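The structure appears right after this line, and notes come after that.
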Amino acid sequence: MGGKSILGGLLGGVAGVELAKWRVGVRASTGDAFVWPIIIALSIGRIGCHLAGLSDHTAGLPTSSVFGIDYGDGVLRHPTALYEIVFLLGCGGAISAVAPHLRVRGDRFRLLMLGYCVWRLIIESWKPIPQVYALGLSGLQWLALLGIVYYARSLPRMLRGLPEHPA
């Protein structure tokens, strides 16, 4: 089952949309309308991951935490899919709270993608990593870092409350 990730799908989708927009000359950001649909879809998908147990390899590493869940093998594991649902809903709430202060279309989507990439960089270290690459990071963590670099470029502007292209 290796090589399948919603993070890759999201970032690949962004690349495809940006390429298509470039080809037809669309300059406006179009992602804000997708923030809550993505959050809801990812949360529903993570319910499926949780219910699949160990078979889809998304259950976390063994833990002694009070949050540990036995997925049928007698070992308490981090319920990373449930952690992700909590993160996603919190991220959506935070984005909704700051949305009135964002001055550029697409900033809500940029914040979601930045937050999700940071989340995946962190949470992947709580999962069994099938293959480790450079610096002890998995392929998904490297992909998350790529997304962080891409989206973090807009963060200083957003924090200062500036438009995308100041006059």
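The way I read the labels, and the way they are meant: chains A, B, ... in the order of the structure tokens, residue 1 as the first residue of every chain, and ligand 1 as the first ligand shown, with later ones counted on from there.
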*DSSP alpha helix (DSSP H) residues within stretch 14-110 of chain A, as a PyMOL selection string*: chain A and resi 14-24+35-52+80-98+107-110
*Excluding same-chain residues fewer than 3 positions from A:Ala59, what lies within 9 Å of it counting only C-alpha atoms, as a PyMOL selection string?*
chain A and resi 49-50+52-56+71+77-81+126-128
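Take atom CA of A:Gly139 and atom CA of A:Val17: the distance between them is 22.8 Å.
For the choices A:Asp32, A:Glu84, A:Asp70, A:Glu18, the atom-to-atom distance to A:Trp119 is smallest for A:Glu84 when using only C-alpha atoms.
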*In chain A, what's strand (DSSP E) per DSSP? Answer as a PyMOL selection string?*
chain A and resi 69-70+76-77
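What separates atom CA of A:Pro37 from atom CA of A:Ala144 is a distance of 20.5 Å.
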Could you give me, as JSON lines, every stretch 6-111 of chain A residue with an atom at most 8 Å from stretch 145-153 of chain A, plus its closest atom pair and distance in Å to one decimal, counting only C-alpha atoms, rows ordered by chain then number?
```
{"residue": "A:Leu11", "atom": "CA", "partner": "A:Gly147", "partner_atom": "CA", "distance": 7.1}
{"residue": "A:Arg110", "atom": "CA", "partner": "A:Tyr151", "partner_atom": "CA", "distance": 6.1}
{"residue": "A:Leu111", "atom": "CA", "partner": "A:Tyr151", "partner_atom": "CA", "distance": 7.7}
```
Convert the current residue selection to file output with C-alpha atoms, as a PDB file, in the first residue's frame.
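As a result, selection-v5.pdb now contains:
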```pdb
ATOM      1  CA  LEU A  11      -0.170  19.212  -3.243  1.00  0.00           C
ATOM      2  CA  ARG A 110      -2.769  29.049   2.125  1.00  0.00           C
ATOM      3  CA  LEU A 111      -3.120  28.876   5.920  1.00  0.00           C
TER       4      LEU A 111
END
```
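Distances to A:Ser125 were evaluated for A:Leu140, A:Val24, A:Ser43, A:Ile69 using only C-alpha atoms, and the minimum falls at A:Leu140.
Residue neighbourhood of A:Phe109, excluding near-sequence residues (fewer than 4 positions): A:Gly31, A:Asp32, A:Val35, A:Met113, at 7 Å, using only C-alpha atoms.
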Based on the selection just made, write N, CA and C atoms of those residues as a compact mmCIF listing (two decimals), in the first residue's frame.
```
# COMPACT_ATOMS: atom_id res chain seq x y z
N GLY A 31 -8.76 29.15 -4.01
CA GLY A 31 -8.79 28.09 -3.02
C GLY A 31 -9.64 28.31 -1.79
N ASP A 32 -9.99 29.55 -1.45
CA ASP A 32 -10.69 29.80 -0.19
C ASP A 32 -12.00 29.03 -0.06
N VAL A 35 -11.71 25.47 1.67
CA VAL A 35 -11.15 25.22 3.00
C VAL A 35 -12.01 24.26 3.81
N MET A 113 -3.28 24.90 4.04
CA MET A 113 -2.23 24.04 3.48
C MET A 113 -0.94 24.13 4.30
```
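Going from atom CA of A:Ser64 to atom CA of A:Leu76 covers 6.8 Å.
Distance check against A:Arg46 using only C-alpha atoms: of A:Thr58, A:Val98, A:Val75, A:Met158, the minimum falls on A:Thr58.
Among the candidate residues A:Val104, A:Leu137, A:Ile39, A:Leu121, the one lying nearest to A:Leu88 is A:Ile39, with distances computed using only C-alpha atoms.
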